[in-house]
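Content type mmCIF, C-alpha atoms, from the file coords39.cif:
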data_query
loop_
_atom_site.label_atom_id
_atom_site.label_comp_id
_atom_site.auth_asym_id
_atom_site.auth_seq_id
_atom_site.Cartn_x
_atom_site.Cartn_y
_atom_site.Cartn_z
CA MET C 1 -40.86 -9.56 -24.18
CA SER C 2 -42.46 -7.27 -21.63
CA SER C 3 -41.20 -3.85 -20.66
CA VAL C 4 -40.93 -2.51 -17.13
CA TRP C 5 -42.96 0.48 -18.41
CA MET C 6 -45.99 -1.61 -19.49
CA TYR C 7 -48.64 -3.41 -17.45
CA GLU C 8 -48.45 -7.20 -17.60
CA GLN C 9 -51.33 -8.68 -19.61
CA ASP C 10 -52.67 -10.55 -16.58
CA SER C 11 -52.51 -7.55 -14.21
CA GLY C 12 -56.15 -6.59 -14.71
CA HIS C 13 -55.25 -3.19 -16.19
CA THR C 14 -57.52 -1.82 -18.88
CA SER C 15 -56.69 1.16 -21.05
CA GLN C 16 -58.02 4.53 -19.90
CA GLN C 17 -58.68 3.06 -16.43
CA SER C 18 -58.12 5.60 -13.66
CA LEU C 19 -56.26 4.21 -10.68
CA VAL C 20 -56.06 7.55 -8.87
CA GLY C 21 -56.98 7.08 -5.22
CA PHE C 22 -56.40 3.31 -5.28
CA THR C 23 -54.42 1.82 -2.37
CA VAL C 24 -51.03 0.43 -3.42
CA GLU C 25 -49.94 -2.72 -1.58
CA ALA C 26 -46.72 -4.69 -1.53
CA ALA C 27 -46.71 -8.24 -0.14
CA ASP C 28 -45.44 -6.83 3.16
CA GLY C 29 -47.86 -3.94 3.59
CA VAL C 30 -49.47 -0.79 2.22
CA ILE C 31 -47.21 1.64 0.37
CA GLY C 32 -49.66 4.49 -0.16
CA HIS C 33 -52.25 5.75 -2.64
CA VAL C 34 -52.04 6.45 -6.36
CA ASP C 35 -51.70 10.20 -6.76
CA ARG C 36 -51.15 10.29 -10.54
CA GLN C 37 -50.64 7.88 -13.38
CA GLN C 38 -49.04 7.99 -16.81
CA GLU C 39 -50.75 6.01 -19.54
CA GLN C 40 -48.45 6.91 -22.44
CA PRO C 41 -47.45 3.61 -24.11
CA GLY C 42 -43.91 2.65 -23.20
CA MET C 43 -43.87 5.05 -20.22
CA GLN C 44 -46.73 3.75 -18.08
CA HIS C 45 -46.19 4.29 -14.37
CA LEU C 46 -47.83 5.31 -11.13
CA VAL C 47 -46.84 8.15 -8.84
CA VAL C 48 -47.72 6.96 -5.35
CA ASP C 49 -48.16 9.27 -2.37
CA THR C 50 -46.60 7.35 0.52
CA GLY C 51 -48.04 9.65 3.18
CA VAL C 52 -46.41 9.31 6.59
CA TRP C 53 -44.67 6.03 5.66
CA LYS C 54 -41.90 7.93 3.86
CA PHE C 55 -42.34 11.37 5.41
CA GLY C 56 -44.81 12.58 2.83
CA ARG C 57 -42.75 11.77 -0.22
CA SER C 58 -43.98 10.21 -3.43
CA VAL C 59 -42.48 7.27 -5.29
CA LEU C 60 -42.62 6.43 -8.99
CA ILE C 61 -43.50 2.78 -9.70
CA PRO C 62 -43.25 1.46 -13.27
CA ALA C 63 -46.38 -0.32 -14.55
CA GLY C 64 -44.42 -3.56 -14.95
CA ALA C 65 -44.16 -3.83 -11.15
CA VAL C 66 -47.97 -4.09 -10.87
CA THR C 67 -49.08 -7.69 -10.33
CA SER C 68 -52.83 -7.14 -10.00
CA ILE C 69 -55.50 -4.47 -9.97
CA ASP C 70 -58.75 -4.97 -8.06
CA THR C 71 -61.19 -2.29 -9.21
CA GLU C 72 -63.86 -3.38 -6.73
CA ALA C 73 -61.56 -3.15 -3.71
CA GLN C 74 -59.67 -0.22 -5.31
CA THR C 75 -56.27 -1.80 -4.71
CA VAL C 76 -53.14 -2.13 -6.81
CA LYS C 77 -50.74 -4.90 -5.80
CA VAL C 78 -47.05 -4.60 -6.69
CA ALA C 79 -44.27 -7.20 -6.75
CA PRO C 80 -41.46 -5.30 -4.96
CA SER C 81 -41.42 -5.12 -1.15
CA ARG C 82 -41.80 -1.88 0.77
CA GLU C 83 -38.04 -1.85 1.40
CA GLU C 84 -37.26 -2.35 -2.29
CA ILE C 85 -39.58 0.52 -3.24
CA LYS C 86 -38.05 2.68 -0.51
CA SER C 87 -34.60 2.01 -2.02
CA ALA C 88 -35.62 2.97 -5.57
CA PRO C 89 -34.18 6.16 -7.13
CA ARG C 90 -35.78 9.09 -5.33
CA PHE C 91 -38.70 10.84 -7.05
CA THR C 92 -38.85 14.56 -6.32
CA THR C 93 -40.62 16.46 -9.09
CA ASP C 94 -43.05 15.76 -11.92
CA SER C 95 -40.47 16.94 -14.44
CA GLU C 96 -38.57 13.71 -13.72
CA THR C 97 -41.34 11.73 -15.42
CA ALA C 98 -40.01 13.17 -18.69
CA ASN C 99 -36.31 12.91 -17.77
CA HIS C 100 -34.84 9.99 -19.73
CA ASN C 101 -31.86 9.61 -17.37
CA TYR C 102 -34.12 9.39 -14.33
CA LEU C 103 -36.58 7.02 -16.01
CA SER C 104 -33.69 4.87 -17.21
CA ALA C 105 -32.30 4.66 -13.66
CA VAL C 106 -35.74 3.75 -12.26
CA GLY C 107 -36.33 1.18 -15.00
CA ASP C 108 -32.93 -0.40 -14.48
CA TYR C 109 -33.50 -0.55 -10.71
CA TYR C 110 -36.88 -2.28 -11.00
CA LEU C 111 -35.58 -4.65 -13.69
CA SER C 112 -32.75 -5.62 -11.34
CA LEU C 113 -35.36 -6.83 -8.83
CA ARG C 114 -36.53 -9.34 -11.46
CA PHE C 115 -40.13 -9.31 -10.15
CA THR C 116 -40.14 -12.88 -8.94
CA HIS C 117 -43.93 -13.04 -8.56
CA ASN C 118 -44.08 -16.70 -7.65
CA SER C 119 -41.15 -17.06 -5.26
CA SER C 120 -41.52 -16.45 -1.59
CA HIS C 121 -39.77 -13.30 -0.47
CA PRO C 122 -37.69 -13.55 2.73
CA GLY C 123 -38.43 -10.90 5.21
#
Final structure tokens representation of the file:
Amino acid sequence: MSSVWMYEQDSGHTSQQSLVGFTVEAADGVIGHVDRQQEQPGMQHLVVDTGVWKFGRSVLIPAGAVTSIDTEAQTVKVAPSREEIKSAPRFTTDSETANHNYLSAVGDYYLSLRFTHNSSHPG
């Protein structure tokens, strides 16, 4: 059973791989760039700077939402849509990456999306 806080085996992720600066893309467009990443087992996630798309705010995306990593093109593709990511629990400070209540809320939210990689997404 996979966890929302771990990269899928077929995502292309390798341990100790830096994704900082990579472009993050949903099926319906670019979300932003990886600002920071957490590689601690069981807590893997990306903090993505959304730039002007969300008025300069960052979003926290669990590693389980990553569908593929292209190191040559420096892109990270994620399963949720831009709207789904926009609706996730708001990320405001780095201290939240250690807040179990916040991480639990984020994990539950992304799990509720079910990451249907193979189905077409209306929109």
Legend entry - Residues near Gln44 in chain C, cut-off 6 Å, all atoms listed in the file, skip fewer than 2 positions along chain, as a list in words: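 Near neighbours after the sequence-gap exclusion: Trp5, Met6, Gln38, Glu39, Gln40, Gly42 and Ala63 of chain C.
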Legend entry - Reference answer for the PyMOL selection byres ((chain C and resi 97-102) around 12), as a ChimeraX atom specification: /C:5,36-40,43-47,59-62,88-96,103-109
Inset, instruction - Would you please work out which residue, of C:Ala65, C:Ala73, C:Ile85, C:Leu113, is nearest to Ser11 in chain C when using all atoms listed in the file? - result: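 Residue with the minimum atom-to-atom distance to Ser11 in chain C: C:Ala65.
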Inset, instruction - Between C:Gly64, C:Phe22, C:Val30, C:Ala79, single out the one closest to Glu8 in chain C, counting all atoms listed in the file. - result: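 Ranked by minimum distance to Glu8 in chain C, first place goes to C:Gly64.
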Legend entry - Of the listed residues C:Thr67, C:Arg114, C:Ser87, C:Lys77, that which approaches Gln9 in chain C most closely, counting all atoms listed in the file: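 Under the stated criterion, the closest residue is C:Thr67.
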